[in-house]
Amino acid sequence: MPHTTDPALLQRLHELFEARDRDDMAPTIRALGDVLAQHPDDPNVLYEVGGAYDTAGDEETAAGFYERALDAGLDGDTLRRCLLQYGSTLRNLGRFDESLAVLDRALELFPASESVRVWHALSLHAAGRSDAAVAELMEVAADGIRTPDLQRYQAAIRGNAAYLRSLDGR
């Protein structure tokens with residue numbers, strides 16, 4: 001069930017996110033740790049802590065926080081971002097089937113999200129399913145790039161994407 005986070009807490013999380021230094025995440029992780037101590041079960045806090053560890057390169061720790069955030073009841077765009085980041089983290093950990101399962105869920109819930117589709121393609125590629133990955137990226141391009149040059153080849157792009165998907169065998 002979705003959880004409602006206090007707007008002041010969401011603002012604090014936003015401020016910490018904006019102030020982060022991607023090259024030195026330790027201060028952000030410490031600050032988020034203080035927030036986490038005060039709000040240990042808040043899904044938005046858990047998600048942001050996971051993201052901080054993820055950015056710092058500690059995917060194992062990040063995965064645990066993402067799982068807790070999902071269990072605690074994320075919704076809306078934060079749910080989409082958490083699923084994408086968790087799927088990416090699982091891919092980085094070599095857990096390709098789990099990554100694809102999480103990103104499949106994200107695709108079901110957010111089928112129009114280009115970022116979810118691109119990360120799904122990346123996980124397909126990492127799992128050795130390059131034909132399906134290229135097909136997905138071709139579909140993202142066909143759906144989202146609205147130039148006369150690409151539109152001219154819309155049918156061919158979609159036909160080639162369908163052919164590549166047929167080679168995937170899944």
# chains A, B, ... in the order shown; residues from 1 in each chain; ligands from 1
call {"tool": "residues_around", "arguments": {"residues": "A:Gly51", "least_positions_apart": "4", "cutoff": "9 Å", "atoms": "only C-alpha atoms", "output": "list of chain:residue names"}}
result
A:Leu46, A:Tyr47, A:Thr55, A:Ala56, A:Ala62, A:Phe65, A:Tyr66, A:Cys82, A:Gln85, A:Tyr86
call {"tool": "residues_around", "arguments": {"residues": "A:Asp131", "least_positions_apart": "3", "cutoff": "10 Å", "atoms": "only C-alpha atoms", "output": "JSON, numbers by chain"}}
result
{"A": [121, 124, 125, 128, 134, 135, 136, 161, 162, 163, 164, 165, 166, 167, 168, 169]}
call {"tool": "write_last_selection", "arguments": {"atoms": "N, CA, C and O atoms", "output": "short mmCIF file (atom, residue, chain, number, x, y, z; two decimals), in the first residue's frame"}}
result
data_model
loop_
_atom_site.label_atom_id
_atom_site.label_comp_id
_atom_site.auth_asym_id
_atom_site.auth_seq_id
_atom_site.Cartn_x
_atom_site.Cartn_y
_atom_site.Cartn_z
N ALA A 121 16.62 -2.63 -22.11
CA ALA A 121 17.46 -3.06 -23.24
C ALA A 121 18.87 -3.35 -22.76
O ALA A 121 19.50 -4.34 -23.19
N LEU A 124 18.83 -6.65 -21.08
CA LEU A 124 18.73 -7.72 -22.08
C LEU A 124 20.10 -7.99 -22.68
O LEU A 124 20.52 -9.15 -22.84
N HIS A 125 20.81 -6.94 -23.03
CA HIS A 125 22.15 -7.09 -23.61
C HIS A 125 23.09 -7.79 -22.62
O HIS A 125 23.81 -8.72 -23.00
N GLY A 128 22.92 -11.43 -22.40
CA GLY A 128 23.26 -12.17 -23.62
C GLY A 128 22.14 -12.18 -24.65
O GLY A 128 22.18 -13.00 -25.57
N VAL A 134 18.72 -4.77 -29.04
CA VAL A 134 18.75 -3.86 -30.19
C VAL A 134 17.32 -3.59 -30.67
O VAL A 134 16.97 -2.45 -31.00
N ALA A 135 16.48 -4.61 -30.68
CA ALA A 135 15.09 -4.42 -31.09
C ALA A 135 14.41 -3.39 -30.19
O ALA A 135 13.71 -2.48 -30.67
N GLU A 136 14.63 -3.51 -28.88
CA GLU A 136 13.99 -2.57 -27.96
C GLU A 136 14.49 -1.14 -28.19
O GLU A 136 13.70 -0.19 -28.21
N ALA A 161 12.99 -4.44 -36.07
CA ALA A 161 12.88 -4.69 -34.63
C ALA A 161 12.09 -5.98 -34.38
O ALA A 161 12.48 -6.81 -33.56
N ALA A 162 11.00 -6.17 -35.11
CA ALA A 162 10.20 -7.40 -34.97
C ALA A 162 11.02 -8.62 -35.37
O ALA A 162 10.95 -9.67 -34.70
N TYR A 163 11.80 -8.49 -36.42
CA TYR A 163 12.65 -9.61 -36.85
C TYR A 163 13.66 -9.95 -35.75
O TYR A 163 13.84 -11.13 -35.41
N LEU A 164 14.32 -8.94 -35.21
CA LEU A 164 15.29 -9.20 -34.15
C LEU A 164 14.64 -9.82 -32.92
O LEU A 164 15.20 -10.73 -32.31
N ARG A 165 13.45 -9.36 -32.57
CA ARG A 165 12.73 -9.98 -31.44
C ARG A 165 12.44 -11.45 -31.72
O ARG A 165 12.50 -12.28 -30.81
N SER A 166 12.13 -11.78 -32.98
CA SER A 166 11.83 -13.18 -33.32
C SER A 166 13.06 -14.06 -33.15
O SER A 166 12.94 -15.25 -32.88
N LEU A 167 14.25 -13.49 -33.25
CA LEU A 167 15.48 -14.26 -33.07
C LEU A 167 15.77 -14.53 -31.60
O LEU A 167 16.53 -15.45 -31.29
N ASP A 168 15.19 -13.74 -30.74
CA ASP A 168 15.43 -13.88 -29.30
C ASP A 168 14.89 -15.20 -28.76
O ASP A 168 15.45 -15.78 -27.85
N GLY A 169 13.77 -15.66 -29.29
CA GLY A 169 13.24 -16.96 -28.91
C GLY A 169 12.62 -17.01 -27.53
O GLY A 169 12.39 -18.08 -27.00
#
call {"tool": "atom_distance", "arguments": {"atom1": "atom CA of A:Val45", "atom2": "atom CA of A:Ala69"}}
result
7.8 Å
call {"tool": "select_by_dssp", "arguments": {"residues": "stretch 9-169 of chain A", "states": "helix (DSSP H, G or I)", "output": "PyMOL selection string"}}
result
chain A and resi 9-19+26-38+43-55+59-72+76-92+96-109+114-126+130-144+148-151+154-168
call {"tool": "residues_around", "arguments": {"residues": "A:Gly94", "least_positions_apart": "5", "cutoff": "9 Å", "atoms": "only C-alpha atoms", "output": "mmCIF file with N, CA and C atoms, in the first residue's frame"}}
result
data_model
loop_
_atom_site.group_PDB
_atom_site.id
_atom_site.type_symbol
_atom_site.label_atom_id
_atom_site.label_comp_id
_atom_site.auth_asym_id
_atom_site.auth_seq_id
_atom_site.Cartn_x
_atom_site.Cartn_y
_atom_site.Cartn_z
ATOM 1 N N THR A 89 20.974 -1.903 -10.747
ATOM 2 C CA THR A 89 21.883 -2.393 -9.717
ATOM 3 C C THR A 89 22.020 -3.912 -9.798
ATOM 4 N N SER A 99 17.264 -8.778 -12.576
ATOM 5 C CA SER A 99 17.230 -7.446 -13.170
ATOM 6 C C SER A 99 16.096 -7.342 -14.180
ATOM 7 N N ALA A 126 23.086 -7.351 -21.365
ATOM 8 C CA ALA A 126 23.962 -7.949 -20.356
ATOM 9 C C ALA A 126 23.642 -9.421 -20.143
ATOM 10 N N ALA A 127 22.384 -9.789 -20.341
ATOM 11 C CA ALA A 127 21.962 -11.185 -20.178
ATOM 12 C C ALA A 127 22.233 -12.026 -21.425
#
call {"tool": "residues_around", "arguments": {"residues": "A:Ala26", "least_positions_apart": "3", "cutoff": "12 Å", "atoms": "only C-alpha atoms", "output": "ChimeraX atom specification"}}
result
/A:16,20-23,29-33,49,52-58
call {"tool": "atom_distance", "arguments": {"atom1": "atom CA of A:Ala63", "atom2": "atom CA of A:Ser115"}}
result
19.1 Å
call {"tool": "closest_residue", "arguments": {"among": "A:Ala8, A:Ala19, A:Val116, A:Ile157", "to": "A:Val102", "atoms": "only C-alpha atoms"}}
result
A:Val116
call {"tool": "atom_distance", "arguments": {"atom1": "atom CA of A:Val35", "atom2": "atom CA of A:Leu70"}}
result
18.1 Å
call {"tool": "residues_around", "arguments": {"residues": "A:Glu114", "least_positions_apart": "5", "cutoff": "9 Å", "atoms": "only C-alpha atoms", "output": "list in words"}}
result
Trp119, Val140 and Gly144 of chain A
